[in-house]
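Enquirer: Below is a structure I'd like to ask you about.
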Amino acid sequence: MHPSNLVAIIKTDQKGEVELGCRKLTDVQAAIRGFDRPIIGAINGVAVTGGFELALWCDVLIVSPEAKFADTHARVGVIPGWGLSQRLSRLIGINRERELSFTGNFLSASKAENWGLVNRIVESEALLPICKALAEDMASCDRQTLVRYKQIINEGAGMDLDNALKYERLGTELHSASQTKLAVMKNKDSIMSRSRAKSAV
């Protein structure tokens with residue numbers, strides 16, 4: 001399966017233009033929230049205010065050393081409407097969010113990595129190739145499982161641990177009922193073949 005059928009890569013460049021896969025987007029936030037498969041954010045420039053909010057909706061963030069983040073809502077005189085005030089603190093901690101949001105100062109790529117906001121930093125020329133390779137790895141997973149797994153992780157992140165564990169158990173039961181033993185065995189064989197191929201490289 002081609003990775004574009006299962007995983008989306010969101011790209012932002014120095015000009016602030018945004019693409020989801022190969023499509024230019026207008027209502028980006030709605031497109032991201034309605035996309036049930038993994039979304040990889042590739043950031044090679046600044047992600048400020050609305051752009052920062054969009055980045056927080058990505059499942060994985062890969063950035064170049066030139067990437068910077070800033071929340072300038074308080075400086076502009078508006079309140080976030082795409083979730084930044086709630087999502088950012090859950091990723092980096094509430095005190096760090098307060099520092100960023102109450103000052104509007106930039107957060108460097110290196111500090112964003114240290115704070116757990118981004119997954120990793122790669123050189124600019126390697127940014128998209130690495131994101132595409134990561135997308136291919138994700139796309140090699142069982143599609144139905146990957147979609148449900150994303151749902152369980154993302155929905156559970158907004159719950160307390162006890163309810164999140166109950167939600168996971170419900171997801172497990174629903175998913176198990178939709179999977180056949182034959183399909184699971186085929187997936188296990190695929191995993192073994194993939195492991196052997198990677199070991200041979």
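Convention: chains lettered A, B, ... in structure tokens order; per-chain residue numbering from 1; ligands numbered from 1 as shown.
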Please list as a list in words every residue within 12 Å of A:Glu97, counting only C-alpha atoms and excluding residues in the same chain fewer than 6 positions away.
Expert: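 The filter keeps Phe69, Ala70, Asp71, Leu84, Ser85, Gln86, Arg87, Leu88, Ser89, Arg90, Leu91, Thr103, Gly104, Asn105, Phe106, Leu107, Ala112, Trp115 and Leu117 of chain A.
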Enquirer: What's the 12 Å shell around A:Thr172, counting only C-alpha atoms, without same-chain residues fewer than 4 positions away, as a PyMOL selection string?
Expert: chain A and resi 145+148-149+151-152+165-168+176-179
Enquirer: Just the selected residues (N, CA, C and O atoms), exported as a compact mmCIF listing (two decimals), in the first residue's frame, please.
Expert:
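Output file selection-v3.txt follows:
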```txt
# COMPACT_ATOMS: atom_id res chain seq x y z
N THR A 145 -6.02 -1.69 12.22
CA THR A 145 -5.45 -1.61 13.55
C THR A 145 -4.82 -0.24 13.79
O THR A 145 -4.98 0.36 14.87
N ARG A 148 -7.51 2.40 14.46
CA ARG A 148 -8.10 2.26 15.80
C ARG A 148 -7.09 2.59 16.89
O ARG A 148 -7.43 3.19 17.92
N TYR A 149 -5.82 2.24 16.67
CA TYR A 149 -4.76 2.51 17.65
C TYR A 149 -4.61 4.03 17.85
O TYR A 149 -4.49 4.51 18.98
N GLN A 151 -6.87 6.27 17.37
CA GLN A 151 -8.06 6.73 18.08
C GLN A 151 -7.93 6.48 19.58
O GLN A 151 -8.23 7.36 20.40
N ILE A 152 -7.49 5.29 19.95
CA ILE A 152 -7.36 4.94 21.36
C ILE A 152 -6.33 5.82 22.06
O ILE A 152 -6.57 6.33 23.16
N LEU A 165 -7.82 3.39 30.56
CA LEU A 165 -7.62 1.95 30.52
C LEU A 165 -8.92 1.22 30.16
O LEU A 165 -8.90 0.22 29.42
N LYS A 166 -10.04 1.73 30.66
CA LYS A 166 -11.33 1.14 30.30
C LYS A 166 -11.60 1.35 28.81
O LYS A 166 -12.14 0.47 28.13
N TYR A 167 -11.23 2.53 28.31
CA TYR A 167 -11.42 2.84 26.90
C TYR A 167 -10.56 1.92 26.03
O TYR A 167 -11.00 1.44 24.98
N GLU A 168 -9.33 1.67 26.48
CA GLU A 168 -8.46 0.76 25.75
C GLU A 168 -9.06 -0.65 25.73
O GLU A 168 -9.05 -1.32 24.69
N SER A 176 -10.79 -6.94 18.40
CA SER A 176 -10.61 -8.39 18.36
C SER A 176 -11.76 -9.06 17.65
O SER A 176 -11.58 -10.06 16.93
N ALA A 177 -12.95 -8.50 17.83
CA ALA A 177 -14.13 -9.08 17.20
C ALA A 177 -14.12 -8.90 15.69
O ALA A 177 -14.78 -9.64 14.96
N SER A 178 -13.34 -7.94 15.21
CA SER A 178 -13.30 -7.66 13.77
C SER A 178 -12.11 -8.31 13.07
O SER A 178 -12.02 -8.27 11.85
N GLN A 179 -11.21 -8.92 13.83
CA GLN A 179 -10.01 -9.54 13.27
C GLN A 179 -10.13 -11.06 13.26
O GLN A 179 -10.60 -11.65 14.23
```
Enquirer: Once DSSP has gone over the backbone, tell me which residues of stretch 32-120 of chain A are in helix (DSSP H, G or I), as a ChimeraX atom specification.
Expert: /A:32-33,50-56,73-76,84-92,94-103,109-114
Enquirer: Please, which residues of stretch 24-180 of chain A, numbered as in this document, come out strand (DSSP E or B) from DSSP, as a VMD selection string?
Expert: chain A and resid 24 39 to 43 46 to 48 60 to 63 68 to 70 107 to 108 120 to 121
Enquirer: Next, dump the selected residues to file, keeping only all heavy atoms, as a CSV table (one decimal), in the first residue's frame.
Expert:
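Okay, this is what ended up in part_36.csv:
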```csv
chain,number,residue,atom,x,y,z
A,24,LYS,N,-2.9,21.5,-1.3
A,24,LYS,CA,-2.9,22.7,-0.6
A,24,LYS,C,-4.2,22.8,0.2
A,24,LYS,O,-5.3,22.4,-0.3
A,24,LYS,CB,-2.9,23.9,-1.6
A,24,LYS,CG,-1.6,24.0,-2.4
A,24,LYS,CD,-0.5,24.6,-1.5
A,24,LYS,CE,0.8,24.8,-2.3
A,24,LYS,NZ,1.9,25.4,-1.5
A,39,ILE,N,-0.7,11.4,11.2
A,39,ILE,CA,-0.3,12.6,10.5
A,39,ILE,C,1.1,13.0,11.0
A,39,ILE,O,1.4,13.1,12.2
A,39,ILE,CB,-1.2,13.8,10.8
A,39,ILE,CG1,-2.6,13.5,10.3
A,39,ILE,CG2,-0.7,15.1,10.2
A,39,ILE,CD1,-3.7,14.5,10.6
A,40,ILE,N,2.1,13.1,10.1
A,40,ILE,CA,3.4,13.5,10.4
A,40,ILE,C,3.6,15.0,10.0
A,40,ILE,O,3.4,15.3,8.9
A,40,ILE,CB,4.4,12.6,9.6
A,40,ILE,CG1,4.2,11.1,10.0
A,40,ILE,CG2,5.9,13.0,9.9
A,40,ILE,CD1,5.0,10.2,9.1
A,41,GLY,N,4.1,15.8,10.9
A,41,GLY,CA,4.3,17.2,10.7
A,41,GLY,C,5.8,17.4,10.3
A,41,GLY,O,6.7,16.9,11.1
A,42,ALA,N,6.1,18.0,9.2
A,42,ALA,CA,7.5,18.3,8.8
A,42,ALA,C,7.6,19.8,8.8
A,42,ALA,O,7.1,20.5,8.0
A,42,ALA,CB,7.7,17.7,7.4
A,43,ILE,N,8.4,20.3,9.7
A,43,ILE,CA,8.5,21.7,9.9
A,43,ILE,C,9.9,22.2,9.6
A,43,ILE,O,10.9,21.8,10.3
A,43,ILE,CB,8.1,22.1,11.4
A,43,ILE,CG1,6.7,21.7,11.6
A,43,ILE,CG2,8.3,23.6,11.6
A,43,ILE,CD1,6.2,21.9,13.0
A,46,VAL,N,9.2,28.5,10.6
A,46,VAL,CA,8.5,29.0,11.8
A,46,VAL,C,7.1,28.5,11.9
A,46,VAL,O,6.4,28.3,10.8
A,46,VAL,CB,8.5,30.5,11.9
A,46,VAL,CG1,9.9,31.1,12.0
A,46,VAL,CG2,7.8,31.1,10.7
A,47,ALA,N,6.6,28.1,13.1
A,47,ALA,CA,5.3,27.7,13.3
A,47,ALA,C,4.8,28.6,14.4
A,47,ALA,O,5.1,28.4,15.6
A,47,ALA,CB,5.2,26.2,13.7
A,48,VAL,N,4.1,29.7,14.0
A,48,VAL,CA,3.7,30.7,15.0
A,48,VAL,C,2.2,30.8,15.1
A,48,VAL,O,1.4,30.7,14.1
A,48,VAL,CB,4.2,32.1,14.5
A,48,VAL,CG1,3.7,33.2,15.4
A,48,VAL,CG2,5.7,32.1,14.4
A,60,VAL,N,3.0,13.1,14.9
A,60,VAL,CA,4.5,13.0,15.0
A,60,VAL,C,5.0,14.3,14.4
A,60,VAL,O,4.5,14.8,13.4
A,60,VAL,CB,5.1,11.8,14.2
A,60,VAL,CG1,6.6,11.8,14.2
A,60,VAL,CG2,4.6,10.5,14.8
A,61,LEU,N,6.0,14.9,15.1
A,61,LEU,CA,6.6,16.1,14.5
A,61,LEU,C,8.1,15.9,14.3
A,61,LEU,O,8.9,15.6,15.2
A,61,LEU,CB,6.4,17.3,15.5
A,61,LEU,CG,5.1,17.9,15.6
A,61,LEU,CD1,5.1,19.0,16.7
A,61,LEU,CD2,4.7,18.5,14.3
A,62,ILE,N,8.5,16.1,13.1
A,62,ILE,CA,9.9,16.0,12.7
A,62,ILE,C,10.3,17.4,12.2
A,62,ILE,O,9.6,18.0,11.3
A,62,ILE,CB,10.2,15.0,11.6
A,62,ILE,CG1,9.5,13.6,11.9
A,62,ILE,CG2,11.7,14.8,11.3
A,62,ILE,CD1,10.1,12.9,13.1
A,63,VAL,N,11.4,17.9,12.7
A,63,VAL,CA,11.7,19.3,12.3
A,63,VAL,C,13.2,19.5,11.9
A,63,VAL,O,14.0,18.6,12.2
A,63,VAL,CB,11.5,20.3,13.5
A,63,VAL,CG1,10.0,20.1,14.0
A,63,VAL,CG2,12.5,20.0,14.7
A,68,LYS,N,11.2,26.9,14.4
A,68,LYS,CA,10.9,27.7,15.6
A,68,LYS,C,9.4,27.7,15.9
A,68,LYS,O,8.6,27.6,15.0
A,68,LYS,CB,11.4,29.1,15.5
A,68,LYS,CG,12.9,29.2,15.4
A,68,LYS,CD,13.3,30.7,15.3
A,68,LYS,CE,14.8,30.9,15.1
A,68,LYS,NZ,15.2,32.3,15.0
A,69,PHE,N,9.1,27.8,17.2
A,69,PHE,CA,7.7,27.8,17.6
A,69,PHE,C,7.4,29.0,18.4
A,69,PHE,O,8.3,29.4,19.2
A,69,PHE,CB,7.3,26.6,18.4
A,69,PHE,CG,7.5,25.3,17.6
A,69,PHE,CD1,8.8,24.6,17.6
A,69,PHE,CD2,6.5,24.7,16.9
A,69,PHE,CE1,9.0,23.4,17.0
A,69,PHE,CE2,6.7,23.4,16.3
A,69,PHE,CZ,7.9,22.8,16.3
A,70,ALA,N,6.3,29.6,18.3
A,70,ALA,CA,5.9,30.8,19.1
A,70,ALA,C,4.4,30.9,19.2
A,70,ALA,O,3.7,30.7,18.2
A,70,ALA,CB,6.5,32.1,18.6
A,107,LEU,N,10.5,29.4,20.7
A,107,LEU,CA,11.1,28.2,21.2
A,107,LEU,C,11.9,27.6,20.1
A,107,LEU,O,11.4,27.3,19.0
A,107,LEU,CB,9.9,27.3,21.6
A,107,LEU,CG,10.4,25.9,22.2
A,107,LEU,CD1,11.0,26.0,23.5
A,107,LEU,CD2,9.1,25.0,22.3
A,108,SER,N,13.2,27.3,20.3
A,108,SER,CA,14.1,26.8,19.3
A,108,SER,C,13.8,25.3,19.1
A,108,SER,O,13.1,24.6,19.9
A,108,SER,CB,15.5,27.0,19.7
A,108,SER,OG,15.8,26.2,20.9
A,120,ARG,N,12.0,14.5,16.8
A,120,ARG,CA,13.5,14.6,16.5
A,120,ARG,C,13.8,15.8,15.5
A,120,ARG,O,12.9,16.3,14.9
A,120,ARG,CB,14.0,13.3,15.9
A,120,ARG,CG,13.5,13.0,14.5
A,120,ARG,CD,14.0,11.7,13.9
A,120,ARG,NE,13.0,10.6,14.2
A,120,ARG,CZ,12.9,9.5,13.4
A,120,ARG,NH1,13.8,9.3,12.5
A,120,ARG,NH2,12.0,8.6,13.7
A,121,ILE,N,15.1,16.1,15.5
A,121,ILE,CA,15.6,17.1,14.6
A,121,ILE,C,16.5,16.5,13.6
A,121,ILE,O,17.4,15.7,13.9
A,121,ILE,CB,16.4,18.2,15.4
A,121,ILE,CG1,15.6,18.8,16.5
A,121,ILE,CG2,17.0,19.3,14.5
A,121,ILE,CD1,16.4,19.7,17.5
```
Enquirer: Ranking A:Cys131, A:Lys111, A:Asn154, A:Thr72 by minimum distance to A:Trp57 and counting only C-alpha atoms, which one comes first?
Expert: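 The answer is A:Asn154, which sits nearest to A:Trp57.
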Enquirer: Expressed in Å to a single decimal, how great is the separation between atom CA of A:Val122 and atom CA of A:Leu134?
Expert: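 Between these atoms lies a distance of 12.9 Å.
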Enquirer: Which is closest to A:Ser124 among A:Glu136, A:Glu173, A:Glu99, A:Glu66, if we use only C-alpha atoms?
Expert: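 Closest residue, counting only C-alpha atoms: A:Glu66.
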Enquirer: Just the number, please: distance in Å from atom CA of A:Ser64 to atom CA of A:Leu127, one decimal.
Expert: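 We find that atom CA of A:Ser64 and atom CA of A:Leu127 lie 6.5 Å from each other.
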Enquirer: Given the choices A:Asn163, A:Gln144, A:Asn44, A:Thr49, which gets closest to A:His175 if the distance is worked out from only C-alpha atoms?
Expert: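 Checking each of A:Asn163, A:Gln144, A:Asn44, A:Thr49 against A:His175, counting only C-alpha atoms, the winner is A:Gln144.
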Enquirer: Which residue is closest to A:Pro38? Choose from A:Glu113, A:Glu125, A:Glu53, A:Asp137 and count only C-alpha atoms.
Expert: A:Asp137
